[in-house]
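Below: work.pdb (PDB, C-alpha atoms)
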```
ATOM      1  CA  MET A  20      25.517 -18.852 -13.217  1.00  0.00           C
ATOM      2  CA  GLN A  21      22.440 -19.381 -15.383  1.00  0.00           C
ATOM      3  CA  GLU A  22      19.288 -17.452 -14.504  1.00  0.00           C
ATOM      4  CA  SER A  23      17.272 -20.669 -14.284  1.00  0.00           C
ATOM      5  CA  LEU A  24      19.647 -22.007 -11.632  1.00  0.00           C
ATOM      6  CA  LEU A  25      19.511 -18.750  -9.652  1.00  0.00           C
ATOM      7  CA  GLN A  26      15.713 -18.858  -9.770  1.00  0.00           C
ATOM      8  CA  GLY A  27      15.812 -22.446  -8.526  1.00  0.00           C
ATOM      9  CA  ILE A  28      18.029 -21.472  -5.596  1.00  0.00           C
ATOM     10  CA  SER A  29      15.658 -18.636  -4.683  1.00  0.00           C
ATOM     11  CA  ALA A  30      12.781 -21.143  -4.728  1.00  0.00           C
ATOM     12  CA  ASP A  31      14.723 -23.360  -2.305  1.00  0.00           C
ATOM     13  CA  LEU A  32      15.222 -20.401   0.048  1.00  0.00           C
ATOM     14  CA  TYR A  33      11.572 -19.398  -0.274  1.00  0.00           C
ATOM     15  CA  ASN A  34      10.446 -22.928   0.616  1.00  0.00           C
ATOM     16  CA  ALA A  35      12.843 -22.953   3.578  1.00  0.00           C
ATOM     17  CA  LEU A  36      11.356 -19.641   4.740  1.00  0.00           C
ATOM     18  CA  ARG A  37       7.762 -20.857   4.508  1.00  0.00           C
ATOM     19  CA  SER A  38       8.421 -24.291   6.032  1.00  0.00           C
ATOM     20  CA  ALA A  39      10.823 -22.966   8.711  1.00  0.00           C
ATOM     21  CA  GLU A  40      13.285 -25.699   7.771  1.00  0.00           C
ATOM     22  CA  ALA A  41      16.897 -24.857   6.964  1.00  0.00           C
ATOM     23  CA  ILE A  42      18.807 -25.982   3.895  1.00  0.00           C
ATOM     24  CA  ALA A  43      22.478 -26.802   3.319  1.00  0.00           C
ATOM     25  CA  PRO A  44      24.814 -23.841   2.756  1.00  0.00           C
ATOM     26  CA  LEU A  45      24.509 -22.507  -0.782  1.00  0.00           C
ATOM     27  CA  THR A  46      28.260 -22.046  -1.007  1.00  0.00           C
ATOM     28  CA  GLU A  47      28.709 -25.762  -0.352  1.00  0.00           C
ATOM     29  CA  GLN A  48      26.119 -26.724  -2.953  1.00  0.00           C
ATOM     30  CA  TYR A  49      27.308 -24.137  -5.502  1.00  0.00           C
ATOM     31  CA  PRO A  50      30.981 -23.215  -4.914  1.00  0.00           C
ATOM     32  CA  GLN A  51      30.900 -20.965  -7.986  1.00  0.00           C
ATOM     33  CA  LEU A  52      28.221 -18.702  -6.464  1.00  0.00           C
ATOM     34  CA  SER A  53      29.317 -15.045  -6.628  1.00  0.00           C
ATOM     35  CA  ILE A  54      28.082 -12.089  -4.594  1.00  0.00           C
ATOM     36  CA  ARG A  55      26.456 -10.702  -7.750  1.00  0.00           C
ATOM     37  CA  ASP A  56      24.658 -14.037  -8.217  1.00  0.00           C
ATOM     38  CA  ALA A  57      23.591 -13.886  -4.565  1.00  0.00           C
ATOM     39  CA  TYR A  58      21.965 -10.458  -4.986  1.00  0.00           C
ATOM     40  CA  THR A  59      20.117 -11.762  -8.044  1.00  0.00           C
ATOM     41  CA  ILE A  60      18.802 -14.645  -5.945  1.00  0.00           C
ATOM     42  CA  GLN A  61      17.743 -12.124  -3.286  1.00  0.00           C
ATOM     43  CA  GLN A  62      15.763 -10.168  -5.902  1.00  0.00           C
ATOM     44  CA  TYR A  63      13.960 -13.335  -7.009  1.00  0.00           C
ATOM     45  CA  LEU A  64      13.228 -14.208  -3.378  1.00  0.00           C
ATOM     46  CA  ILE A  65      11.709 -10.799  -2.674  1.00  0.00           C
ATOM     47  CA  ALA A  66       9.659 -11.009  -5.888  1.00  0.00           C
ATOM     48  CA  GLN A  67       8.118 -14.238  -4.594  1.00  0.00           C
ATOM     49  CA  ARG A  68       7.211 -12.556  -1.324  1.00  0.00           C
ATOM     50  CA  LEU A  69       5.645  -9.622  -3.172  1.00  0.00           C
ATOM     51  CA  ASP A  70       3.630 -12.099  -5.226  1.00  0.00           C
ATOM     52  CA  ASP A  71       2.262 -13.342  -1.893  1.00  0.00           C
ATOM     53  CA  GLY A  72       0.898  -9.851  -1.224  1.00  0.00           C
ATOM     54  CA  GLU A  73       3.697  -8.478   0.925  1.00  0.00           C
ATOM     55  CA  ARG A  74       4.916  -4.936   0.288  1.00  0.00           C
ATOM     56  CA  ILE A  75       8.313  -3.340   0.757  1.00  0.00           C
ATOM     57  CA  VAL A  76       8.555  -1.031   3.795  1.00  0.00           C
ATOM     58  CA  GLY A  77      12.298  -0.503   4.053  1.00  0.00           C
ATOM     59  CA  LYS A  78      15.779  -1.945   3.914  1.00  0.00           C
ATOM     60  CA  LYS A  79      18.381  -3.284   6.303  1.00  0.00           C
ATOM     61  CA  ILE A  80      22.137  -3.083   6.487  1.00  0.00           C
ATOM     62  CA  GLY A  81      24.084  -6.100   7.682  1.00  0.00           C
ATOM     63  CA  VAL A  82      27.725  -6.990   8.325  1.00  0.00           C
ATOM     64  CA  THR A  83      28.449  -3.487   9.637  1.00  0.00           C
ATOM     65  CA  SER A  84      31.065  -4.418  12.247  1.00  0.00           C
ATOM     66  CA  GLN A  85      34.702  -5.088  11.373  1.00  0.00           C
ATOM     67  CA  ALA A  86      34.585  -8.339  13.354  1.00  0.00           C
ATOM     68  CA  VAL A  87      31.775  -9.746  11.201  1.00  0.00           C
ATOM     69  CA  MET A  88      33.429  -8.486   8.007  1.00  0.00           C
ATOM     70  CA  ASN A  89      36.575 -10.346   9.013  1.00  0.00           C
ATOM     71  CA  LEU A  90      34.548 -13.464   9.806  1.00  0.00           C
ATOM     72  CA  LEU A  91      32.913 -13.466   6.371  1.00  0.00           C
ATOM     73  CA  GLY A  92      36.029 -12.345   4.540  1.00  0.00           C
ATOM     74  CA  VAL A  93      34.607  -9.131   3.084  1.00  0.00           C
ATOM     75  CA  ASP A  94      35.474  -5.440   3.250  1.00  0.00           C
ATOM     76  CA  GLN A  95      31.994  -3.934   3.142  1.00  0.00           C
ATOM     77  CA  PRO A  96      28.465  -4.514   4.531  1.00  0.00           C
ATOM     78  CA  ASP A  97      25.529  -6.090   2.723  1.00  0.00           C
ATOM     79  CA  PHE A  98      21.852  -5.199   2.516  1.00  0.00           C
ATOM     80  CA  GLY A  99      18.416  -6.789   2.453  1.00  0.00           C
ATOM     81  CA  ILE A 100      14.803  -5.796   1.862  1.00  0.00           C
ATOM     82  CA  LEU A 101      12.159  -5.372   4.577  1.00  0.00           C
ATOM     83  CA  THR A 102       8.478  -6.133   4.000  1.00  0.00           C
ATOM     84  CA  ASP A 103       5.377  -5.427   6.045  1.00  0.00           C
ATOM     85  CA  ALA A 104       5.116  -9.117   6.971  1.00  0.00           C
ATOM     86  CA  MET A 105       8.359  -8.754   8.937  1.00  0.00           C
ATOM     87  CA  THR A 106       7.099  -5.879  11.093  1.00  0.00           C
ATOM     88  CA  PHE A 107       6.150  -6.153  14.773  1.00  0.00           C
ATOM     89  CA  ASN A 108       5.361  -3.485  17.364  1.00  0.00           C
ATOM     90  CA  SER A 109       7.135  -3.130  20.704  1.00  0.00           C
ATOM     91  CA  SER A 110       5.928  -5.646  23.336  1.00  0.00           C
ATOM     92  CA  GLU A 111       4.190  -7.727  20.675  1.00  0.00           C
ATOM     93  CA  ALA A 112       4.703 -11.495  20.768  1.00  0.00           C
ATOM     94  CA  ILE A 113       6.570 -13.218  17.925  1.00  0.00           C
ATOM     95  CA  PRO A 114       5.695 -16.867  17.240  1.00  0.00           C
ATOM     96  CA  ALA A 115       9.036 -18.643  17.579  1.00  0.00           C
ATOM     97  CA  SER A 116       7.734 -21.510  15.430  1.00  0.00           C
ATOM     98  CA  THR A 117       7.773 -19.247  12.357  1.00  0.00           C
ATOM     99  CA  LEU A 118      11.547 -18.825  12.656  1.00  0.00           C
ATOM    100  CA  ILE A 119      14.343 -21.369  12.355  1.00  0.00           C
ATOM    101  CA  GLN A 120      17.350 -20.209  14.409  1.00  0.00           C
ATOM    102  CA  PRO A 121      16.616 -16.621  15.450  1.00  0.00           C
ATOM    103  CA  LYS A 122      19.059 -14.207  17.046  1.00  0.00           C
ATOM    104  CA  ALA A 123      18.261 -10.716  18.379  1.00  0.00           C
ATOM    105  CA  GLU A 124      20.227  -7.554  17.634  1.00  0.00           C
ATOM    106  CA  GLY A 125      19.741  -4.087  19.123  1.00  0.00           C
ATOM    107  CA  GLU A 126      19.756  -1.388  16.442  1.00  0.00           C
ATOM    108  CA  ILE A 127      18.730   2.145  15.535  1.00  0.00           C
ATOM    109  CA  ALA A 128      16.055   2.474  12.854  1.00  0.00           C
ATOM    110  CA  PHE A 129      15.934   5.546  10.603  1.00  0.00           C
ATOM    111  CA  VAL A 130      12.510   6.654   9.352  1.00  0.00           C
ATOM    112  CA  LEU A 131      12.926   8.727   6.194  1.00  0.00           C
ATOM    113  CA  LYS A 132      10.915  11.798   5.191  1.00  0.00           C
ATOM    114  CA  HIS A 133      12.757  12.340   1.888  1.00  0.00           C
ATOM    115  CA  ASP A 134      14.237  10.042  -0.749  1.00  0.00           C
ATOM    116  CA  LEU A 135      17.974   9.391  -0.654  1.00  0.00           C
ATOM    117  CA  SER A 136      19.549   8.665  -4.032  1.00  0.00           C
ATOM    118  CA  GLY A 137      23.263   7.966  -4.389  1.00  0.00           C
ATOM    119  CA  PRO A 138      26.006   8.140  -5.272  1.00  0.00           C
ATOM    120  CA  GLY A 139      27.369  11.128  -3.366  1.00  0.00           C
ATOM    121  CA  VAL A 140      25.079  10.876  -0.306  1.00  0.00           C
ATOM    122  CA  THR A 141      26.770  12.216   2.843  1.00  0.00           C
ATOM    123  CA  VAL A 142      26.017  11.821   6.536  1.00  0.00           C
ATOM    124  CA  ALA A 143      24.560  15.342   6.506  1.00  0.00           C
ATOM    125  CA  ASP A 144      22.236  14.293   3.668  1.00  0.00           C
ATOM    126  CA  VAL A 145      21.116  11.293   5.699  1.00  0.00           C
ATOM    127  CA  LEU A 146      20.295  13.407   8.745  1.00  0.00           C
ATOM    128  CA  ARG A 147      18.376  15.962   6.644  1.00  0.00           C
ATOM    129  CA  ALA A 148      16.333  13.178   5.058  1.00  0.00           C
ATOM    130  CA  THR A 149      15.501  11.531   8.396  1.00  0.00           C
ATOM    131  CA  GLU A 150      12.103  12.100   9.994  1.00  0.00           C
ATOM    132  CA  GLY A 151      13.273  10.490  13.204  1.00  0.00           C
ATOM    133  CA  LEU A 152      15.024   7.595  14.910  1.00  0.00           C
ATOM    134  CA  MET A 153      13.560   4.608  16.739  1.00  0.00           C
ATOM    135  CA  VAL A 154      14.941   1.870  18.944  1.00  0.00           C
ATOM    136  CA  CYS A 155      14.715  -1.405  17.094  1.00  0.00           C
ATOM    137  CA  PHE A 156      15.161  -5.120  17.526  1.00  0.00           C
ATOM    138  CA  GLU A 157      16.199  -6.938  14.396  1.00  0.00           C
ATOM    139  CA  ILE A 158      15.527 -10.637  14.792  1.00  0.00           C
ATOM    140  CA  VAL A 159      17.864 -12.143  12.248  1.00  0.00           C
ATOM    141  CA  ASP A 160      17.248 -15.679  11.055  1.00  0.00           C
ATOM    142  CA  SER A 161      19.107 -17.878   8.627  1.00  0.00           C
ATOM    143  CA  ARG A 162      17.589 -20.383   6.266  1.00  0.00           C
ATOM    144  CA  ILE A 163      21.085 -21.916   6.087  1.00  0.00           C
ATOM    145  CA  GLN A 164      21.757 -24.834   8.414  1.00  0.00           C
ATOM    146  CA  ASP A 165      23.523 -23.975  11.686  1.00  0.00           C
ATOM    147  CA  TRP A 166      24.384 -20.452  10.496  1.00  0.00           C
ATOM    148  CA  ARG A 167      27.204 -21.937   8.383  1.00  0.00           C
ATOM    149  CA  ILE A 168      27.276 -18.874   6.171  1.00  0.00           C
ATOM    150  CA  LYS A 169      29.649 -17.074   3.896  1.00  0.00           C
ATOM    151  CA  ILE A 170      28.782 -13.658   2.498  1.00  0.00           C
ATOM    152  CA  GLN A 171      27.119 -15.214  -0.581  1.00  0.00           C
ATOM    153  CA  ASP A 172      24.832 -17.304   1.646  1.00  0.00           C
ATOM    154  CA  THR A 173      23.577 -14.399   3.720  1.00  0.00           C
ATOM    155  CA  VAL A 174      23.164 -12.042   0.726  1.00  0.00           C
ATOM    156  CA  ALA A 175      21.092 -14.600  -1.177  1.00  0.00           C
ATOM    157  CA  ASP A 176      19.042 -15.219   1.992  1.00  0.00           C
ATOM    158  CA  ASN A 177      17.993 -11.528   2.032  1.00  0.00           C
ATOM    159  CA  ALA A 178      20.821 -10.599   4.413  1.00  0.00           C
ATOM    160  CA  SER A 179      19.474 -13.121   6.942  1.00  0.00           C
ATOM    161  CA  CYS A 180      16.331 -11.061   7.543  1.00  0.00           C
ATOM    162  CA  GLY A 181      13.842 -12.498   9.970  1.00  0.00           C
ATOM    163  CA  VAL A 182      11.539  -9.914  11.514  1.00  0.00           C
ATOM    164  CA  PHE A 183      12.003  -6.551  13.209  1.00  0.00           C
ATOM    165  CA  VAL A 184      10.414  -4.737  16.128  1.00  0.00           C
ATOM    166  CA  LEU A 185      10.078  -0.949  16.390  1.00  0.00           C
ATOM    167  CA  SER A 186       9.632   1.136  19.523  1.00  0.00           C
ATOM    168  CA  ASP A 187       6.673   3.498  19.839  1.00  0.00           C
ATOM    169  CA  ARG A 188       8.820   6.653  20.096  1.00  0.00           C
ATOM    170  CA  LEU A 189      10.228   8.684  17.193  1.00  0.00           C
ATOM    171  CA  VAL A 190      13.139  10.946  18.196  1.00  0.00           C
ATOM    172  CA  PRO A 191      14.565  13.744  16.000  1.00  0.00           C
ATOM    173  CA  ALA A 192      18.030  12.828  14.749  1.00  0.00           C
ATOM    174  CA  ASN A 193      19.573  16.050  16.041  1.00  0.00           C
ATOM    175  CA  GLN A 194      18.763  15.082  19.635  1.00  0.00           C
ATOM    176  CA  ILE A 195      21.224  12.186  19.834  1.00  0.00           C
ATOM    177  CA  ASP A 196      24.946  11.599  19.309  1.00  0.00           C
ATOM    178  CA  LEU A 197      24.769   8.628  16.994  1.00  0.00           C
ATOM    179  CA  SER A 198      28.359   7.541  17.543  1.00  0.00           C
ATOM    180  CA  LEU A 199      28.383   7.693  21.335  1.00  0.00           C
ATOM    181  CA  CYS A 200      24.865   6.552  22.274  1.00  0.00           C
ATOM    182  CA  GLY A 201      25.023   3.445  24.468  1.00  0.00           C
ATOM    183  CA  MET A 202      22.984   0.267  24.002  1.00  0.00           C
ATOM    184  CA  VAL A 203      21.979  -2.252  26.674  1.00  0.00           C
ATOM    185  CA  LEU A 204      20.201  -5.491  25.765  1.00  0.00           C
ATOM    186  CA  GLU A 205      18.448  -7.546  28.443  1.00  0.00           C
ATOM    187  CA  LYS A 206      17.211 -11.117  28.104  1.00  0.00           C
ATOM    188  CA  ASN A 207      14.821 -12.443  30.740  1.00  0.00           C
ATOM    189  CA  GLY A 208      15.836  -9.630  33.089  1.00  0.00           C
ATOM    190  CA  GLU A 209      19.604 -10.050  32.762  1.00  0.00           C
ATOM    191  CA  ILE A 210      21.997  -7.852  30.774  1.00  0.00           C
ATOM    192  CA  VAL A 211      23.434 -10.016  27.982  1.00  0.00           C
ATOM    193  CA  ALA A 212      24.932  -7.424  25.627  1.00  0.00           C
ATOM    194  CA  THR A 213      26.099  -3.835  25.523  1.00  0.00           C
ATOM    195  CA  GLY A 214      27.316  -1.649  22.702  1.00  0.00           C
ATOM    196  CA  ALA A 215      27.382   1.808  21.191  1.00  0.00           C
ATOM    197  CA  GLY A 216      26.480   3.596  17.983  1.00  0.00           C
ATOM    198  CA  ALA A 217      30.102   3.519  16.830  1.00  0.00           C
ATOM    199  CA  ALA A 218      29.809  -0.277  16.414  1.00  0.00           C
ATOM    200  CA  SER A 219      27.974   0.288  13.129  1.00  0.00           C
ATOM    201  CA  MET A 220      30.658   1.638  10.773  1.00  0.00           C
ATOM    202  CA  GLY A 221      31.595   4.359  13.264  1.00  0.00           C
ATOM    203  CA  SER A 222      28.053   5.768  13.193  1.00  0.00           C
ATOM    204  CA  PRO A 223      24.678   4.398  12.066  1.00  0.00           C
ATOM    205  CA  ALA A 224      24.339   7.459   9.809  1.00  0.00           C
ATOM    206  CA  VAL A 225      27.526   6.414   7.991  1.00  0.00           C
ATOM    207  CA  ALA A 226      25.947   3.003   7.412  1.00  0.00           C
ATOM    208  CA  VAL A 227      22.799   4.567   5.938  1.00  0.00           C
ATOM    209  CA  ALA A 228      24.904   6.776   3.657  1.00  0.00           C
ATOM    210  CA  TRP A 229      26.812   3.668   2.515  1.00  0.00           C
ATOM    211  CA  LEU A 230      23.516   1.960   1.693  1.00  0.00           C
ATOM    212  CA  ALA A 231      22.152   4.934  -0.263  1.00  0.00           C
ATOM    213  CA  ASN A 232      25.350   5.144  -2.305  1.00  0.00           C
ATOM    214  CA  THR A 233      25.538   1.395  -2.888  1.00  0.00           C
ATOM    215  CA  LEU A 234      21.911   1.289  -4.053  1.00  0.00           C
ATOM    216  CA  GLY A 235      22.507   4.334  -6.252  1.00  0.00           C
ATOM    217  CA  ARG A 236      25.120   2.415  -8.220  1.00  0.00           C
ATOM    218  CA  LEU A 237      22.486  -0.276  -8.770  1.00  0.00           C
ATOM    219  CA  GLY A 238      19.840   2.191  -9.942  1.00  0.00           C
ATOM    220  CA  MET A 239      17.899   1.981  -6.668  1.00  0.00           C
ATOM    221  CA  SER A 240      17.211   4.498  -3.897  1.00  0.00           C
ATOM    222  CA  LEU A 241      15.940   4.819  -0.346  1.00  0.00           C
ATOM    223  CA  LYS A 242      12.365   6.106  -0.347  1.00  0.00           C
ATOM    224  CA  ALA A 243      10.519   8.581   1.834  1.00  0.00           C
ATOM    225  CA  GLY A 244       8.535   6.680   4.452  1.00  0.00           C
ATOM    226  CA  GLU A 245      10.888   3.720   4.471  1.00  0.00           C
ATOM    227  CA  VAL A 246      12.408   2.267   7.627  1.00  0.00           C
ATOM    228  CA  ILE A 247      16.154   1.658   7.422  1.00  0.00           C
ATOM    229  CA  LEU A 248      17.764  -0.685   9.945  1.00  0.00           C
ATOM    230  CA  SER A 249      21.284   0.632  10.349  1.00  0.00           C
ATOM    231  CA  GLY A 250      23.178  -2.347  11.760  1.00  0.00           C
ATOM    232  CA  SER A 251      23.718  -4.069  15.068  1.00  0.00           C
ATOM    233  CA  LEU A 252      25.219  -2.143  17.996  1.00  0.00           C
ATOM    234  CA  GLY A 253      26.329  -5.323  19.764  1.00  0.00           C
ATOM    235  CA  PRO A 254      26.521  -9.109  19.467  1.00  0.00           C
ATOM    236  CA  MET A 255      23.684 -11.328  18.257  1.00  0.00           C
ATOM    237  CA  ILE A 256      21.759 -13.006  21.089  1.00  0.00           C
ATOM    238  CA  PRO A 257      20.096 -16.405  20.446  1.00  0.00           C
ATOM    239  CA  VAL A 258      16.399 -16.493  21.380  1.00  0.00           C
ATOM    240  CA  ARG A 259      13.667 -19.108  21.699  1.00  0.00           C
ATOM    241  CA  ALA A 260      10.062 -19.497  22.810  1.00  0.00           C
ATOM    242  CA  GLY A 261       9.522 -18.098  26.314  1.00  0.00           C
ATOM    243  CA  ASP A 262      12.236 -15.443  26.093  1.00  0.00           C
ATOM    244  CA  ASN A 263      11.534 -11.785  26.896  1.00  0.00           C
ATOM    245  CA  LEU A 264      13.937  -9.133  25.626  1.00  0.00           C
ATOM    246  CA  ARG A 265      14.386  -5.416  26.118  1.00  0.00           C
ATOM    247  CA  VAL A 266      16.848  -3.079  24.438  1.00  0.00           C
ATOM    248  CA  SER A 267      17.563   0.471  25.627  1.00  0.00           C
ATOM    249  CA  ILE A 268      19.543   3.096  23.704  1.00  0.00           C
ATOM    250  CA  GLY A 269      20.648   6.333  25.329  1.00  0.00           C
ATOM    251  CA  GLY A 270      18.537   9.274  24.185  1.00  0.00           C
ATOM    252  CA  LEU A 271      16.123   7.098  22.201  1.00  0.00           C
ATOM    253  CA  GLY A 272      14.277   5.016  24.783  1.00  0.00           C
ATOM    254  CA  SER A 273      13.600   1.303  24.727  1.00  0.00           C
ATOM    255  CA  CYS A 274      11.894  -1.513  22.857  1.00  0.00           C
ATOM    256  CA  SER A 275      10.646  -4.882  24.074  1.00  0.00           C
ATOM    257  CA  VAL A 276       9.775  -8.180  22.446  1.00  0.00           C
ATOM    258  CA  ARG A 277       8.692 -11.612  23.599  1.00  0.00           C
ATOM    259  CA  PHE A 278       8.632 -14.997  21.925  1.00  0.00           C
ATOM    260  CA  ASN A 279       5.878 -17.570  22.327  1.00  0.00           C
TER     261      ASN A 279
END
```
Starting from the file, give its structure as structure tokens.
Amino acid sequence: MQESLLQGISADLYNALRSAEAIAPLTEQYPQLSIRDAYTIQQYLIAQRLDDGERIVGKKIGVTSQAVMNLLGVDQPDFGILTDAMTFNSSEAIPASTLIQPKAEGEIAFVLKHDLSGPGVTVADVLRATEGLMVCFEIVDSRIQDWRIKIQDTVADNASCGVFVLSDRLVPANQIDLSLCGMVLEKNGEIVATGAGAASMGSPAVAVAWLANTLGRLGMSLKAGEVILSGSLGPMIPVRAGDNLRVSIGGLGSCSVRFN
């Protein structure tokens, strides 16, 4: 697809983000849209956000479970870019009006102390480069109407990034079994989802290694100081104004968020 058309699509997504109004699925409007085109659109979208004064603070991995891969008809995850404007602290209130159709996911966030540059990054490399782990809520949001997405839609839409919430506790990576750690997500005092570290590609560290190696082939790397969201440990939970959520992960602690 022509660059001018890809730039136009990114402008449509940017306007949808700022107005909190969804648009028709890109794959319905542009059936010829490829995954490569979608990542180009994502780059244009992030450039617009950086022009607004936002700065990159990390990256996220999406589509890490086999069930979601099957749903979208792909055999690997995707990734998006995190900016400081997406960041919230535990127990902080998120204005629901700034989002369109948010869903909450419980995840493990990796905070890096060293760069990770692929290809060839292993799980051991990931753990050596990690300053610590944090419990995290990723609040995904789609600028595509009714979440009618294919992989090209979500990639172009910055992997359906919304905002994310970090706990206030940083735990050394060697103090937790990343595959076996259990996750419990509560909404308004009731348990609505459970999961485990193995839900994200067998281990969240495997997901981070995948991301480092995928970025390496694109001439990009994970940077020291960045926060890496390693993929959902359970199902997405729809949220709206008035909801209070809490996620707990064995060995890591908990994180809370509310919507007003």
Give as an NGL selection string the residues that the PyMOL selection byres ((chain A and resi 143-156) around 7) matches when applied to the coordinates above.
:A and (123-134 or 140-142 or 157-158 or 183-186 or 188-192 or 224 or 227-228 or 268 or 271-274)
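Here the PyMOL selection byres ((chain A and resi 56) around 9) catches exactly these residues: Met20, Glu22, Leu25, Leu52, Ser53, Ile54, Arg55, Ala57, Tyr58, Thr59, Ile60, Gln61, Gln171 and Ala175 of chain A.
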Interatomic distance, CA of Ala35 in chain A to CA of Ser161 in chain A (Å, one decimal)
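It comes out at 9.5 Å.
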So, counting all atoms listed in the file, which residue among A:Ile210, A:Ala43, A:Leu248, A:Ala215 is closest to Ile100 in chain A?
A:Leu248
Applying the PyMOL selection byres ((chain A and resi 73) around 7) to the file I just gave you, which residues come out? Please list them as a PyMOL selection string.
chain A and resi 68-69+71-72+74-75+102-104
Counting all atoms listed in the file, what is within 10 Å of Val159 in chain A, bar same-chain residues fewer than 2 positions away, as an MDAnalysis selection string?
chainID A and resid 81 118:124 156:157 161 178:183 255:257
CA of Asn34 in chain A to CA of Arg162 in chain A, distance in Å rounded to a single decimal:
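Computed distance, CA of Asn34 in chain A to CA of Arg162 in chain A, equals 9.5 Å.
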Which polymer residues have any atom within 9 Å of an atom of Gly269 in chain A, counting only C-alpha atoms, with same-chain residues fewer than 2 positions away left out, as a compact mmCIF listing (two decimals) with C-alpha atoms, in the coordinates of the input?
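To be explicit, this is the file written out as selection21.txt:
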```txt
# COMPACT_ATOMS: atom_id res chain seq x y z
CA ILE A 195 21.22 12.19 19.83
CA LEU A 199 28.38 7.69 21.34
CA CYS A 200 24.86 6.55 22.27
CA GLY A 201 25.02 3.44 24.47
CA MET A 202 22.98 0.27 24.00
CA VAL A 203 21.98 -2.25 26.67
CA SER A 267 17.56 0.47 25.63
CA LEU A 271 16.12 7.10 22.20
CA GLY A 272 14.28 5.02 24.78
CA SER A 273 13.60 1.30 24.73
```
Distance CA of Ile163 in chain A-CA of Pro44 in chain A, one decimal place?
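Going from CA of Ile163 in chain A over to CA of Pro44 in chain A covers 5.4 Å.
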Got a sec: who's within 7 Å of range 113-115 of chain A, counting all atoms listed in the file, leaving out chain neighbours fewer than 4 positions off, as a count of residues only?
5
Would you please take range 85-100 of chain A of the structure in the block above and write N, CA and C atoms to a file as a JSON list (two decimals), in the first residue's frame?
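Result written to part19.json:
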```
[["chain", "number", "residue", "atom", "x", "y", "z"],
["A", 85, "GLN", "N", -2.30, -19.22, 22.95],
["A", 85, "GLN", "CA", -2.64, -19.97, 21.74],
["A", 85, "GLN", "C", -4.08, -19.73, 21.34],
["A", 86, "ALA", "N", -4.96, -19.55, 22.32],
["A", 86, "ALA", "CA", -6.38, -19.32, 22.02],
["A", 86, "ALA", "C", -6.57, -18.04, 21.20],
["A", 87, "VAL", "N", -5.87, -16.97, 21.60],
["A", 87, "VAL", "CA", -6.01, -15.71, 20.87],
["A", 87, "VAL", "C", -5.32, -15.80, 19.51],
["A", 88, "MET", "N", -4.18, -16.50, 19.44],
["A", 88, "MET", "CA", -3.54, -16.71, 18.13],
["A", 88, "MET", "C", -4.49, -17.41, 17.18],
["A", 89, "ASN", "N", -5.17, -18.44, 17.69],
["A", 89, "ASN", "CA", -6.12, -19.17, 16.85],
["A", 89, "ASN", "C", -7.26, -18.27, 16.41],
["A", 90, "LEU", "N", -7.74, -17.43, 17.32],
["A", 90, "LEU", "CA", -8.84, -16.52, 17.02],
["A", 90, "LEU", "C", -8.47, -15.56, 15.89],
["A", 91, "LEU", "N", -7.23, -15.06, 15.93],
["A", 91, "LEU", "CA", -6.80, -14.07, 14.94],
["A", 91, "LEU", "C", -6.12, -14.72, 13.73],
["A", 92, "GLY", "N", -5.96, -16.03, 13.77],
["A", 92, "GLY", "CA", -5.39, -16.72, 12.63],
["A", 92, "GLY", "C", -3.91, -16.46, 12.41],
["A", 93, "VAL", "N", -3.15, -16.37, 13.51],
["A", 93, "VAL", "CA", -1.71, -16.13, 13.41],
["A", 93, "VAL", "C", -0.96, -17.17, 14.23],
["A", 94, "ASP", "N", 0.36, -17.23, 14.01],
["A", 94, "ASP", "CA", 1.17, -18.22, 14.73],
["A", 94, "ASP", "C", 2.23, -17.57, 15.61],
["A", 95, "GLN", "N", 2.09, -16.26, 15.86],
["A", 95, "GLN", "CA", 3.03, -15.58, 16.74],
["A", 95, "GLN", "C", 2.36, -14.35, 17.36],
["A", 96, "PRO", "N", 2.94, -13.82, 18.44],
["A", 96, "PRO", "CA", 2.37, -12.63, 19.09],
["A", 96, "PRO", "C", 2.56, -11.36, 18.24],
["A", 97, "ASP", "N", 2.14, -10.24, 18.80],
["A", 97, "ASP", "CA", 2.44, -8.94, 18.20],
["A", 97, "ASP", "C", 3.00, -8.04, 19.29],
["A", 98, "PHE", "N", 3.33, -6.82, 18.94],
["A", 98, "PHE", "CA", 3.86, -5.90, 19.94],
["A", 98, "PHE", "C", 3.38, -4.48, 19.68],
["A", 99, "GLY", "N", 3.43, -3.67, 20.75],
["A", 99, "GLY", "CA", 3.09, -2.26, 20.66],
["A", 99, "GLY", "C", 4.05, -1.44, 21.51],
["A", 100, "ILE", "N", 3.89, -0.14, 21.43],
["A", 100, "ILE", "CA", 4.79, 0.80, 22.11],
["A", 100, "ILE", "C", 4.04, 1.49, 23.26]]
```
